[in-house]
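Student: Dropping in protein-v2.txt, with compact mmCIF, C-alpha atoms.
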# COMPACT_ATOMS: atom_id res chain seq x y z
CA MET A 349 -11.76 -30.82 5.91
CA GLY A 350 -9.23 -29.25 3.58
CA ASN A 351 -11.79 -28.50 0.86
CA LYS A 352 -14.14 -26.48 3.02
CA ALA A 353 -14.98 -23.55 0.74
CA LEU A 354 -11.51 -22.03 0.90
CA ARG A 355 -8.59 -23.76 -0.74
CA PHE A 356 -6.62 -24.22 2.48
CA GLY A 357 -4.52 -26.80 0.64
CA ARG A 358 -2.71 -24.06 -1.25
CA VAL A 359 -0.21 -23.77 1.56
CA ALA A 360 -1.28 -26.66 3.79
CA GLY A 361 0.03 -30.15 4.06
CA MET A 362 2.15 -32.45 6.13
CA VAL A 363 5.50 -30.65 6.24
CA LEU A 364 7.92 -33.54 6.79
CA ALA A 365 11.59 -33.50 7.58
CA LEU A 366 12.42 -35.02 4.22
CA ALA A 367 11.78 -31.64 2.58
CA ALA A 368 15.37 -30.92 3.48
CA ALA A 369 16.65 -34.10 1.85
CA GLY A 370 17.99 -32.22 -1.13
CA ALA A 371 19.33 -29.27 0.81
CA ALA A 372 22.84 -28.67 2.08
CA THR A 373 23.59 -30.55 5.27
CA GLY A 374 25.73 -27.93 6.94
CA GLN A 375 26.26 -24.21 7.35
CA GLN A 376 29.53 -22.48 6.62
CA ALA A 377 30.93 -19.42 8.29
CA GLY A 378 33.63 -18.72 5.72
CA PRO A 379 33.75 -18.78 1.91
CA ALA A 380 32.76 -22.07 0.36
CA THR A 381 33.81 -23.27 -3.08
CA VAL A 382 31.18 -24.99 -5.21
CA ASN A 383 32.63 -27.77 -7.31
CA ASP A 384 32.72 -27.31 -11.06
CA GLN A 385 29.97 -29.60 -12.37
CA SER A 386 30.47 -28.54 -15.99
CA LEU A 387 26.79 -27.68 -16.35
CA PRO A 388 25.71 -25.59 -19.34
CA ASP A 389 24.80 -22.02 -18.46
CA ASN A 390 21.19 -21.71 -19.61
CA THR A 391 20.17 -19.14 -17.00
CA GLY A 392 21.19 -16.07 -18.94
CA LEU A 393 22.79 -14.76 -15.73
CA ASN A 394 26.41 -15.57 -16.62
CA ILE A 395 27.00 -17.31 -13.29
CA PRO A 396 30.56 -18.67 -12.98
CA GLN A 397 30.81 -22.41 -12.55
CA ASN A 398 33.56 -22.07 -9.94
CA LEU A 399 32.36 -19.55 -7.39
CA GLU A 400 32.78 -18.54 -3.78
CA ILE A 401 29.98 -17.75 -1.34
CA PHE A 402 31.07 -15.16 1.21
CA GLY A 403 29.58 -14.84 4.67
CA SER A 404 27.32 -17.06 6.74
CA VAL A 405 24.57 -18.85 4.85
CA ASP A 406 21.50 -19.73 6.88
CA PRO A 407 18.45 -20.63 4.78
CA ASN A 408 16.47 -21.02 7.98
CA VAL A 409 16.50 -17.35 8.96
CA ARG A 410 12.86 -16.41 9.60
CA LYS A 411 11.56 -12.88 9.80
CA ALA A 412 8.45 -12.23 11.85
CA THR A 413 7.28 -9.12 9.99
CA ALA A 414 7.18 -8.03 6.35
CA ILE A 415 6.18 -4.70 4.83
CA VAL A 416 4.77 -5.17 1.34
CA ASN A 417 4.46 -1.87 -0.52
CA ASP A 418 3.71 -0.14 2.83
CA ASN A 419 1.26 -2.87 3.93
CA VAL A 420 2.44 -4.50 7.17
CA LEU A 421 2.26 -8.24 7.77
CA THR A 422 2.89 -9.16 11.41
CA ARG A 423 3.93 -12.31 13.22
CA THR A 424 0.33 -12.51 14.45
CA ASP A 425 -0.92 -12.60 10.84
CA VAL A 426 1.38 -15.51 10.10
CA ASP A 427 0.58 -17.43 13.29
CA GLN A 428 -3.17 -17.06 12.85
CA ARG A 429 -3.05 -18.32 9.27
CA VAL A 430 -0.89 -21.27 10.31
CA ALA A 431 -3.42 -22.09 13.03
CA LEU A 432 -6.23 -21.85 10.46
CA ILE A 433 -4.47 -24.33 8.17
CA LEU A 434 -3.76 -26.79 10.96
CA ALA A 435 -7.37 -26.61 12.15
CA ALA A 436 -8.80 -27.01 8.65
CA ASN A 437 -6.68 -30.04 7.89
CA ASN A 438 -6.73 -31.55 11.41
CA VAL A 439 -3.00 -32.29 11.47
CA GLN A 440 -0.31 -32.13 14.13
CA LEU A 441 3.16 -30.97 13.08
CA LYS A 442 6.54 -30.98 14.75
CA PRO A 443 8.05 -27.58 15.69
CA GLU A 444 10.52 -27.65 12.80
CA GLU A 445 7.71 -28.54 10.40
CA ILE A 446 5.63 -25.62 11.67
CA ASP A 447 8.62 -23.33 11.06
CA ARG A 448 8.70 -24.40 7.41
CA LEU A 449 4.94 -23.96 7.18
CA ARG A 450 5.33 -20.41 8.52
CA LEU A 451 7.66 -19.63 5.63
CA GLN A 452 5.09 -20.92 3.15
CA VAL A 453 2.34 -18.94 4.85
CA LEU A 454 4.40 -15.75 4.81
CA ARG A 455 4.93 -16.13 1.06
CA GLN A 456 1.21 -16.76 0.59
CA LEU A 457 0.28 -13.69 2.66
CA ILE A 458 2.65 -11.56 0.59
CA ASP A 459 0.97 -12.85 -2.58
CA GLU A 460 -2.47 -12.04 -1.14
CA VAL A 461 -1.42 -8.48 -0.34
CA LEU A 462 -0.05 -8.03 -3.86
CA GLN A 463 -3.24 -9.45 -5.39
CA ILE A 464 -5.50 -7.19 -3.31
CA GLN A 465 -3.35 -4.16 -4.11
CA GLN A 466 -3.37 -4.94 -7.84
CA ALA A 467 -7.16 -5.43 -7.81
CA LYS A 468 -7.57 -1.98 -6.29
CA THR A 469 -5.71 -0.46 -9.24
CA ALA A 470 -8.61 -1.77 -11.34
CA GLU A 471 -11.08 -0.24 -8.84
CA ILE A 472 -12.06 -3.64 -7.49
CA THR A 473 -12.99 -3.85 -3.84
CA ILE A 474 -14.68 -6.59 -1.84
CA THR A 475 -17.49 -5.31 0.37
CA ASP A 476 -18.08 -6.26 4.00
CA ASP A 477 -21.37 -7.88 3.01
CA GLU A 478 -19.57 -10.17 0.55
CA LEU A 479 -16.96 -11.11 3.14
CA ASN A 480 -19.66 -11.85 5.73
CA GLN A 481 -21.64 -13.99 3.29
CA SER A 482 -18.56 -16.06 2.40
CA PHE A 483 -17.60 -16.37 6.06
CA ASN A 484 -21.09 -17.63 6.93
CA ARG A 485 -20.95 -20.22 4.14
CA ILE A 486 -17.64 -21.53 5.43
CA ALA A 487 -19.06 -21.72 8.95
CA THR A 488 -21.90 -23.84 7.57
CA ASN A 489 -19.38 -26.16 5.91
CA PHE A 490 -17.80 -26.64 9.33
CA ASN A 491 -21.27 -27.48 10.75
CA ARG A 492 -21.25 -24.36 12.92
CA THR A 493 -23.17 -21.12 13.15
CA PRO A 494 -21.12 -17.98 12.37
CA GLU A 495 -20.79 -17.21 16.06
CA GLN A 496 -19.77 -20.78 16.89
CA PHE A 497 -17.24 -20.63 14.07
CA ARG A 498 -15.74 -17.43 15.50
CA VAL A 499 -15.33 -19.15 18.86
CA PHE A 500 -13.81 -22.19 17.14
CA LEU A 501 -11.28 -20.02 15.31
CA ARG A 502 -10.24 -18.27 18.52
CA GLU A 503 -9.86 -21.62 20.29
CA GLN A 504 -7.56 -22.79 17.49
CA GLY A 505 -5.42 -19.66 17.71
CA SER A 506 -6.79 -18.09 14.53
CA SER A 507 -9.36 -15.35 13.94
CA GLU A 508 -12.25 -14.19 11.81
CA ARG A 509 -9.97 -11.48 10.43
CA SER A 510 -7.47 -14.06 9.13
CA ILE A 511 -10.01 -16.09 7.23
CA LYS A 512 -11.69 -12.98 5.80
CA ARG A 513 -8.34 -11.78 4.55
CA GLN A 514 -7.92 -14.99 2.58
CA ILE A 515 -11.46 -14.63 1.23
CA GLU A 516 -10.74 -11.06 0.16
CA GLY A 517 -7.53 -12.07 -1.60
CA GLU A 518 -9.19 -14.85 -3.58
CA LEU A 519 -12.29 -12.86 -4.58
CA ALA A 520 -10.28 -9.76 -5.50
CA TRP A 521 -7.85 -11.71 -7.68
CA GLN A 522 -10.63 -13.65 -9.42
CA ARG A 523 -12.42 -10.42 -10.32
CA TYR A 524 -9.21 -8.78 -11.45
CA LEU A 525 -8.56 -11.68 -13.83
CA ARG A 526 -12.12 -11.52 -15.19
CA ARG A 527 -11.76 -7.80 -15.85
CA ARG A 528 -8.16 -7.43 -16.98
CA VAL A 529 -7.10 -10.83 -18.32
CA GLU A 530 -10.02 -12.92 -19.60
CA PRO A 531 -11.26 -10.35 -22.20
CA PHE A 532 -7.89 -10.53 -23.95
CA VAL A 533 -7.65 -14.32 -24.20
CA ASN A 534 -8.70 -15.74 -27.55
CA VAL A 535 -8.86 -19.27 -28.94
CA GLY A 536 -9.03 -19.84 -32.68
CA GLU A 537 -11.40 -22.23 -34.44
CA GLU A 538 -8.47 -24.13 -35.94
CA GLU A 539 -7.08 -24.82 -32.46
CA VAL A 540 -10.39 -26.25 -31.32
CA LYS A 541 -10.76 -28.35 -34.46
CA ALA A 542 -7.26 -29.77 -34.04
CA ILE A 543 -8.08 -30.92 -30.51
CA LEU A 544 -11.35 -32.52 -31.59
CA ASP A 545 -9.53 -34.34 -34.42
CA ARG A 546 -6.95 -35.70 -31.97
CA LEU A 547 -9.70 -36.89 -29.63
CA GLU A 548 -11.47 -38.69 -32.45
CA ALA A 549 -8.22 -40.37 -33.51
CA ALA A 550 -7.57 -41.50 -29.93
CA LYS A 551 -11.03 -43.00 -29.41
CA GLY A 552 -10.89 -46.23 -27.38
CA THR A 553 -7.35 -45.75 -26.07
CA ASP A 554 -6.68 -45.84 -22.34
CA GLU A 555 -6.58 -42.52 -20.52
CA PHE A 556 -5.42 -41.92 -16.96
CA HIS A 557 -6.16 -39.17 -14.46
CA LEU A 558 -2.86 -38.93 -12.61
CA ASN A 559 -1.30 -36.93 -9.81
CA GLU A 560 2.49 -36.82 -9.66
CA ILE A 561 5.28 -35.88 -7.29
CA TYR A 562 8.64 -35.40 -9.01
CA LEU A 563 11.90 -35.30 -7.05
CA SER A 564 15.08 -34.41 -8.92
CA ALA A 565 18.26 -36.36 -8.22
CA THR A 566 21.80 -35.81 -9.43
CA PRO A 567 23.98 -38.95 -9.72
CA ASP A 568 25.63 -38.29 -6.35
CA ARG A 569 22.26 -37.94 -4.59
CA THR A 570 20.33 -40.81 -6.18
CA GLU A 571 20.29 -43.04 -3.10
CA GLN A 572 19.44 -40.14 -0.78
CA VAL A 573 16.52 -38.95 -2.91
CA TYR A 574 15.27 -42.53 -3.41
CA ALA A 575 15.20 -43.05 0.36
CA ALA A 576 13.42 -39.72 0.83
CA ALA A 577 10.83 -40.72 -1.79
CA ARG A 578 10.21 -44.01 -0.02
CA GLN A 579 9.71 -42.15 3.25
CA LEU A 580 7.30 -39.76 1.55
CA ILE A 581 5.26 -42.65 0.12
CA GLY A 582 5.01 -44.08 3.63
CA GLU A 583 3.58 -40.81 4.90
CA ILE A 584 1.11 -40.62 2.00
CA GLN A 585 -0.11 -44.14 2.69
CA LYS A 586 -0.90 -43.24 6.30
CA GLY A 587 -3.83 -41.27 4.87
CA GLN A 588 -3.36 -38.27 7.16
CA ALA A 589 -3.57 -35.84 4.24
CA PRO A 590 -4.53 -36.11 0.55
CA PHE A 591 -1.87 -36.79 -2.07
CA GLY A 592 -2.22 -33.22 -3.35
CA TYR A 593 -0.93 -31.75 -0.09
CA PHE A 594 2.32 -33.69 -0.41
CA ALA A 595 2.63 -32.81 -4.09
CA ARG A 596 2.25 -29.12 -3.35
CA ASN A 597 4.91 -29.20 -0.64
CA TYR A 598 7.49 -31.56 -2.13
CA SER A 599 7.13 -31.93 -5.89
CA GLU A 600 9.66 -30.11 -8.03
CA ALA A 601 7.47 -30.25 -11.15
CA SER A 602 5.54 -27.26 -12.45
CA THR A 603 2.31 -29.07 -11.49
CA ARG A 604 3.01 -28.57 -7.77
CA GLY A 605 0.87 -25.41 -7.99
CA VAL A 606 -2.17 -27.57 -8.83
CA ASN A 607 -1.42 -30.26 -6.23
CA GLY A 608 0.49 -32.41 -8.72
CA ASP A 609 -2.54 -32.87 -10.99
CA LEU A 610 -1.54 -34.01 -14.49
CA GLY A 611 -5.17 -34.17 -15.56
CA TRP A 612 -6.31 -36.80 -18.06
CA VAL A 613 -3.40 -38.12 -20.11
CA ARG A 614 -2.87 -41.02 -22.48
CA GLY A 615 0.06 -43.38 -22.27
CA ALA A 616 1.57 -41.92 -25.44
CA GLN A 617 1.75 -38.51 -23.74
CA LEU A 618 3.79 -39.83 -20.81
CA PRO A 619 7.44 -40.84 -20.49
CA ALA A 620 7.75 -44.57 -21.11
CA GLU A 621 8.48 -45.31 -17.43
CA LEU A 622 5.33 -43.54 -16.23
CA ALA A 623 3.15 -44.95 -19.00
CA GLU A 624 4.16 -48.50 -18.08
CA ALA A 625 3.43 -47.88 -14.39
CA ALA A 626 0.06 -46.22 -15.05
CA ALA A 627 -1.10 -49.12 -17.23
CA GLN A 628 -0.64 -51.52 -14.29
CA MET A 629 -2.15 -49.36 -11.54
CA GLN A 630 -5.52 -49.68 -9.85
CA VAL A 631 -7.65 -46.60 -9.14
CA GLY A 632 -6.56 -45.02 -5.86
CA GLN A 633 -3.16 -46.71 -5.88
CA VAL A 634 0.11 -44.86 -5.17
CA VAL A 635 3.28 -46.28 -6.75
CA GLY A 636 6.92 -45.33 -6.79
CA PRO A 637 9.59 -44.22 -6.62
CA ILE A 638 9.71 -44.62 -10.41
CA PRO A 639 13.14 -43.83 -11.93
CA VAL A 640 12.78 -41.19 -14.65
CA PRO A 641 15.37 -39.01 -16.37
CA GLY A 642 16.74 -36.61 -13.78
CA GLY A 643 15.12 -38.12 -10.70
CA PHE A 644 12.14 -40.09 -9.40
CA SER A 645 8.35 -39.84 -9.73
CA ILE A 646 5.56 -40.91 -7.40
CA LEU A 647 2.22 -41.50 -9.11
CA HIS A 648 -1.34 -41.56 -7.78
CA LEU A 649 -4.03 -42.91 -10.11
CA VAL A 650 -7.20 -40.89 -9.49
CA ASP A 651 -9.24 -42.54 -12.22
CA LYS A 652 -8.96 -44.24 -15.59
CA ARG A 653 -11.15 -44.51 -18.67
CA GLN A 654 -11.08 -45.01 -22.42
CA VAL A 655 -11.24 -41.97 -24.66
CA LEU A 656 -14.78 -41.34 -25.94
CA THR A 657 -15.95 -44.64 -24.49
CA ALA A 658 -18.58 -45.03 -21.79
CA ASN A 659 -16.87 -45.31 -18.41
CA PRO A 660 -18.29 -48.17 -16.32
CA ARG A 661 -17.41 -46.20 -13.17
CA ASP A 662 -20.04 -43.64 -14.14
CA ALA A 663 -22.80 -46.25 -13.76
CA ARG A 664 -25.38 -45.36 -11.12
CA LEU A 665 -26.21 -48.05 -8.62
CA SER A 666 -29.21 -48.86 -6.48
CA LEU A 667 -27.81 -50.23 -3.23
CA LYS A 668 -28.90 -51.54 0.13
CA GLN A 669 -26.34 -51.37 2.91
CA MET A 670 -26.61 -53.80 5.81
CA THR A 671 -24.59 -53.00 8.96
CA ILE A 672 -23.93 -54.88 12.17
CA LYS A 673 -22.66 -52.96 15.22
CA PHE A 674 -20.43 -54.20 18.02
CA PRO A 675 -20.98 -53.46 21.74
CA ARG A 676 -18.36 -51.43 23.55
CA GLY A 677 -15.59 -53.66 24.87
CA THR A 678 -15.89 -56.24 22.08
CA THR A 679 -12.56 -58.07 21.72
CA GLN A 680 -10.87 -58.63 18.39
CA ALA A 681 -11.58 -62.34 18.63
CA GLN A 682 -15.29 -61.71 19.27
CA ALA A 683 -15.46 -59.22 16.40
CA SER A 684 -13.78 -61.67 14.03
CA GLN A 685 -16.18 -64.45 15.03
CA ARG A 686 -19.26 -62.28 14.50
CA THR A 687 -17.93 -60.96 11.18
CA ALA A 688 -17.42 -64.54 9.98
CA SER A 689 -20.99 -65.35 11.01
CA PHE A 690 -22.16 -62.23 9.17
CA ALA A 691 -20.36 -63.35 6.00
CA SER A 692 -22.04 -66.76 6.28
CA THR A 693 -25.47 -65.12 6.63
CA LEU A 694 -24.91 -63.15 3.42
CA THR A 695 -24.81 -66.39 1.45
CA LYS A 696 -28.49 -66.84 2.33
CA LEU A 697 -29.54 -63.63 0.58
CA GLN A 698 -31.97 -64.13 -2.29
CA GLY A 699 -31.70 -60.77 -4.00
CA CYS A 700 -32.49 -57.33 -2.63
CA GLY A 701 -36.02 -58.28 -1.62
CA SER A 702 -34.68 -60.51 1.14
CA VAL A 703 -32.31 -57.98 2.71
CA GLU A 704 -34.69 -56.66 5.38
CA LYS A 705 -35.79 -60.17 6.37
CA VAL A 706 -32.20 -61.42 6.72
CA ALA A 707 -31.18 -58.24 8.55
CA ALA A 708 -33.90 -58.76 11.13
CA THR A 709 -32.49 -62.19 12.03
CA ILE A 710 -29.07 -60.73 12.95
CA ASN A 711 -30.18 -57.33 14.30
CA ALA A 712 -28.57 -55.45 11.39
CA GLU A 713 -29.40 -51.94 10.19
CA VAL A 714 -30.46 -51.38 6.55
CA VAL A 715 -30.00 -48.18 4.55
CA GLN A 716 -30.97 -47.72 0.89
CA ASN A 717 -29.60 -45.38 -1.79
CA ASP A 718 -30.68 -45.38 -5.43
CA ALA A 719 -28.20 -42.89 -6.93
CA ILE A 720 -24.63 -43.88 -6.05
CA ARG A 721 -22.06 -43.73 -8.83
CA ILE A 722 -19.41 -46.45 -8.74
CA ARG A 723 -16.67 -43.80 -8.84
CA ASP A 724 -18.06 -42.24 -5.64
CA LEU A 725 -17.18 -45.37 -3.66
CA PRO A 726 -13.74 -46.09 -2.15
CA ALA A 727 -11.35 -47.58 -4.71
CA PRO A 728 -11.41 -51.18 -3.35
CA LEU A 729 -15.23 -51.21 -3.47
CA GLN A 730 -15.20 -49.80 -6.99
CA GLU A 731 -13.31 -52.84 -8.26
CA ILE A 732 -15.75 -55.18 -6.50
CA MET A 733 -18.83 -53.36 -7.80
CA LEU A 734 -17.61 -53.43 -11.40
CA ASN A 735 -17.88 -57.24 -11.32
CA LEU A 736 -20.92 -57.64 -9.05
CA GLN A 737 -24.21 -58.91 -10.45
CA VAL A 738 -27.64 -57.62 -9.38
CA GLY A 739 -28.73 -59.34 -6.15
CA GLN A 740 -25.19 -60.10 -5.02
CA ALA A 741 -23.46 -58.62 -1.97
CA THR A 742 -19.93 -57.44 -1.33
CA PRO A 743 -17.76 -59.20 1.22
CA PRO A 744 -18.09 -57.66 4.71
CA PHE A 745 -15.99 -54.53 5.28
CA GLY A 746 -15.53 -51.97 8.03
CA ASN A 747 -14.17 -52.12 11.58
CA PRO A 748 -15.45 -52.93 15.11
CA GLU A 749 -15.60 -49.24 16.08
CA GLU A 750 -17.84 -48.10 13.20
CA GLY A 751 -19.50 -51.38 12.36
CA VAL A 752 -19.07 -54.03 9.68
CA ARG A 753 -21.27 -53.77 6.62
CA THR A 754 -22.03 -55.08 3.18
CA LEU A 755 -23.47 -53.50 0.04
CA VAL A 756 -26.13 -55.39 -1.88
CA LEU A 757 -26.53 -54.46 -5.54
CA CYS A 758 -30.18 -53.92 -6.41
CA GLY A 759 -29.80 -52.29 -9.82
CA ARG A 760 -27.35 -50.65 -12.21
CA ASP A 761 -27.94 -47.90 -14.78
CA ASP A 762 -25.01 -47.91 -17.18
CA THR A 763 -23.98 -44.72 -18.95
CA ALA A 764 -24.43 -44.16 -22.64
CA SER A 765 -21.44 -44.07 -24.96
CA ALA A 766 -19.36 -40.96 -24.48
CA GLN A 767 -19.56 -38.24 -27.10
CA LEU A 768 -17.02 -35.78 -28.38
CA PRO A 769 -17.04 -32.64 -26.23
CA GLY A 770 -18.66 -29.65 -27.86
CA THR A 771 -16.71 -26.89 -29.54
CA GLU A 772 -17.72 -24.43 -26.82
CA GLN A 773 -16.53 -26.79 -24.08
CA ILE A 774 -13.11 -27.20 -25.70
CA GLN A 775 -12.85 -23.47 -26.25
CA ASN A 776 -13.71 -22.72 -22.63
CA GLN A 777 -11.10 -25.18 -21.39
CA LEU A 778 -8.38 -23.67 -23.58
CA GLU A 779 -9.33 -20.16 -22.52
CA GLN A 780 -9.19 -21.13 -18.83
CA GLN A 781 -5.75 -22.68 -19.28
CA ARG A 782 -4.47 -19.49 -20.85
CA VAL A 783 -6.06 -17.32 -18.18
CA ASN A 784 -4.29 -19.42 -15.54
CA LEU A 785 -0.95 -19.05 -17.31
CA ARG A 786 -1.35 -15.29 -17.60
CA ALA A 787 -2.42 -15.11 -13.96
CA GLN A 788 0.79 -16.87 -12.93
CA GLN A 789 2.82 -14.48 -15.09
CA ALA A 790 1.02 -11.46 -13.63
CA LEU A 791 1.73 -12.62 -10.09
CA ARG A 792 5.40 -13.17 -10.95
CA ASP A 793 5.55 -9.61 -12.28
CA LEU A 794 3.96 -8.27 -9.09
CA ARG A 795 6.49 -10.14 -6.96
CA ARG A 796 9.36 -8.85 -9.06
CA ASP A 797 8.26 -5.21 -8.83
CA ALA A 798 7.17 -5.27 -5.17
CA ILE A 799 9.07 -3.55 -2.40
CA VAL A 800 9.18 -6.07 0.43
CA GLU A 801 11.01 -5.27 3.66
CA TYR A 802 11.54 -7.98 6.28
CA ARG A 803 11.94 -7.04 9.94
Go ahead and express the file in the form of C-alpha cells.
Tutor:
Amino acid sequence: MGNKALRFGRVAGMVLALAAAGAATGQQAGPATVNDQSLPDNTGLNIPQNLEIFGSVDPNVRKATAIVNDNVLTRTDVDQRVALILAANNVQLKPEEIDRLRLQVLRQLIDEVLQIQQAKTAEITITDDELNQSFNRIATNFNRTPEQFRVFLREQGSSERSIKRQIEGELAWQRYLRRRVEPFVNVGEEEVKAILDRLEAAKGTDEFHLNEIYLSATPDRTEQVYAAARQLIGEIQKGQAPFGYFARNYSEASTRGVNGDLGWVRGAQLPAELAEAAAQMQVGQVVGPIPVPGGFSILHLVDKRQVLTANPRDARLSLKQMTIKFPRGTTQAQASQRTASFASTLTKLQGCGSVEKVAATINAEVVQNDAIRIRDLPAPLQEIMLNLQVGQATPPFGNPEEGVRTLVLCGRDDTASAQLPGTEQIQNQLEQQRVNLRAQQALRDLRRDAIVEYR
C-alpha cells in the first residue's frame, strides 16, 4: 500500500535496531578523546584529529515541537504523520523503532514547511479544491469513499489535515521547481549526441536495473557491519516491506534518496565486485553482503536486458489460469495429496482448448487474460514463462489458503527489436536529472538558512 498516490515511502520503512550498528555503543558524561585515525582533512572545516567532546552526548534526545521560521510543528503533527505511514505500509514497529521514525518524520515535516514557505515567495499557493481532489483520489486508491477514508485515518491515529499537509508540500514544491528551476536548465545537442553514440556502441551488452544498499565499514568494524548487513538481508527477505524502504532508511550511498535505485547500468559502469554479482543474479533476487572498497553492498536485481535489444520479458502473453480451492480445515497432508493429483491432471492438457474441459473434471476455476507481460508476473514465474511453449502449463503454485493454480500459455506476442531512444527523450531525461539535482541543492540551502527552534 506504500505507493498509494502519495510517496509514503519517503520516510517510511521497517526501522530496525541494526540502524544503530554503526553508532557509538555508550554515552559519556565527561570529555571523551577520539583516537587519532590519521585521516586526511577533506572537510574544509579544519577539524583537529585529536579532539575532546565536552558535556553529555545523547543522540537520542527527541524534541516534541519545532518552530520553523515562525511556523509551529507540534507533537501531534509528528504522531499523526507517523500513524499515517504505519497505516499506509501496514507495518508494526517496536517502540524504539517508532522513536527513530519520529525523528525522520520531524525532519520531513520541517522540509515540507520550508518547501511550502519557499513556494509562497513565488506566489504559489495550493487551493482547497486541489487538496480535496487529491484527497479524494487517495481515498479511492484505498478503496474507500472520502468520508470512509476520514474515519479510517482517525481510527489509525492520523487525520485528514496530516495527509493534506503532505499533499500541499508536494504540489507546492513541484510547481516551484517548474516555475523557478526548470526554465533555467539546458541540455546541449552535443551532450545528447554523445549519449546516443555511447548507446549505439553498447548495443547487445547486458544491462541491469539494480537497487543497492551500501553500508560503510572501517577495518575495526568489518565484522559488526557484516553481521548487521546479514540481519538486514533477513528482514528484506521476509517481504514485509519493499527493498526501497530499507535502502532509504539504512543505505549510506547518495541513492538512498531514491530508495537505492541505481537505474539501468552496464557491468562496465559498476565496481568489479558488483558487476560480477549482477551477472549471476536472477530477476527479483537479493544478494549480499558483497565486500566493496570501504564497506559492503546489498543488491536487488529489479530487471535485466540487453542494450537496444528486444527484451523477452516485454512479450505479451495470452494465459488461462486454472485454480483449485481447498475447504476450510484442510490439513497439510490433504493439501499436498490434492496438489499432487492436480499436477498429474495437468499432464492430460492438450493445449488451451482443453483447459475448460479438464477444469470441469476437478472442479477448478478458469480465468483468462490476453494482455499479461512476462515482466508483470512474479520473478519465479517469469523464468518459467520465458521457456514455456504455447499449450504448456506451469507447475502448480500457490497455497492452501488462497488456492493452488497453474498458468497455461495460449499465445505469445514478442516485442520488436528495441530502437535508439529519440533525441527529445534523451534531452528530457537529462533535464529531469538536472532539475532533481538543483532541487536537492535548493532544499539544502533552505535548511541552512532556516531558523529552527526545538522545544
Student: Write out as a PyMOL selection string which residues come within 8 Å of Pro744 of chain A when counting only C-alpha atoms, dropping same-chain ones fewer than 4 positions away.
Tutor: chain A and resi 687+690-691+752-754
Student: If you measure from atom CA of Ala626 of chain A to atom CA of Leu563 of chain A, what distance in Å do you get, rounded to one decimal?
Tutor: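 Separating atom CA of Ala626 of chain A from atom CA of Leu563 of chain A is a distance of 18.0 Å.
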Student: Give me, as JSON, numbers by chain, all polymer residues having an atom no more than 9 Å from Gly699 of chain A, counting all atoms listed in the file and skipping those fewer than 6 positions away in the same chain.
Tutor: {"A": [738, 739, 740, 741, 756, 757, 758]}
Student: Please save C-alpha atoms of the selected residues as a compact mmCIF listing (two decimals), in the frame of the given file.
Tutor:
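again11.txt was written with the following content:
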# COMPACT_ATOMS: atom_id res chain seq x y z
CA VAL A 738 -27.64 -57.62 -9.38
CA GLY A 739 -28.73 -59.34 -6.15
CA GLN A 740 -25.19 -60.10 -5.02
CA ALA A 741 -23.46 -58.62 -1.97
CA VAL A 756 -26.13 -55.39 -1.88
CA LEU A 757 -26.53 -54.46 -5.54
CA CYS A 758 -30.18 -53.92 -6.41
Student: Dump as number ranges by chain all residues having an atom at most 10 Å from (4.4, -5.8, 0.2), computed in the file's coordinates with all atoms listed in the file.
Tutor: A: 414-421, 457-462, 465, 794-795, 797-802
Student: In the coordinate frame of the file, compute which residues have an atom within 12 Å of (0.5, -33.6, -3.1) when using all atoms listed in the file, and state them as a PyMOL selection string.
Tutor: chain A and resi 357-363+558-562+580-581+583-584+587-601+603-610+634+646-648
Student: Between atom CA of Ala577 of chain A and atom CA of Pro637 of chain A, what distance in Å does the model show, to one decimal?
Tutor: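 Separation of atom CA of Ala577 of chain A and atom CA of Pro637 of chain A: 6.1 Å.
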Student: Report, in Å with one decimal, the straight-line distance from atom CA of Ser666 of chain A to atom CA of Ala719 of chain A.
Tutor: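 Distance reported for this atom pair: 6.1 Å.
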Student: Show me, as number ranges by chain, the residues that have an atom within 12 Å of Trp612 of chain A when counting all atoms listed in the file, minus same-chain residues fewer than 2 positions from it.
Tutor: A: 554-559, 609-610, 614-618, 626, 649-655
Student: Please determine, counting all atoms listed in the file, which residue among A:Gln789, A:Asn437, A:Gln630, A:Ser684 has the shortest atom-to-atom distance to Glu731 of chain A.
Tutor: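 Looking only at the distances to Glu731 of chain A, the closest residue turns out to be A:Gln630.
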Student: Which one of A:Phe644, A:Leu547, A:Ser507, A:Val613 sits closest to Gln572 of chain A if you count all atoms listed in the file?
Tutor: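 Once distances to Gln572 of chain A are computed over all atoms listed in the file, the minimum belongs to A:Phe644.
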Student: Given the choices A:Leu544, A:Ala627, A:Ala467, A:Leu479, which gets closest to Thr771 of chain A if the distance is worked out from only C-alpha atoms?
Tutor: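 The answer is A:Leu544, which sits nearest to Thr771 of chain A.
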Student: Just want the 8 Å neighbourhood of segment 712-715 of chain A, counted on only C-alpha atoms, with same-chain residues fewer than 3 positions away dropped. Output as a list in words.
Tutor: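 Residues meeting the cut-off are Lys668, Gln669, Met670, Thr671, Ile672, Lys673, Val703, Glu704, Ala707, Ala708 and Thr709 of chain A.
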Student: When you count only C-alpha atoms, which of these residues is closest to Arg786 of chain A: A:Glu508, A:Glu495, A:Glu530, A:Asp447?
Tutor: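 Closest to Arg786 of chain A, using only C-alpha atoms: A:Glu530.
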Student: Nearest to Ile464 of chain A among A:Gln496, A:Ser506, A:Gln633, A:Gln514, with distances taken over all atoms listed in the file: which residue is it?
Tutor: A:Gln514
Student: Determine the nearest neighbour of Arg523 of chain A from the options A:Ala565, A:Arg792, A:Gln781, A:Gln466, counting only C-alpha atoms.
Tutor: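 Closest residue, counting only C-alpha atoms: A:Gln466.
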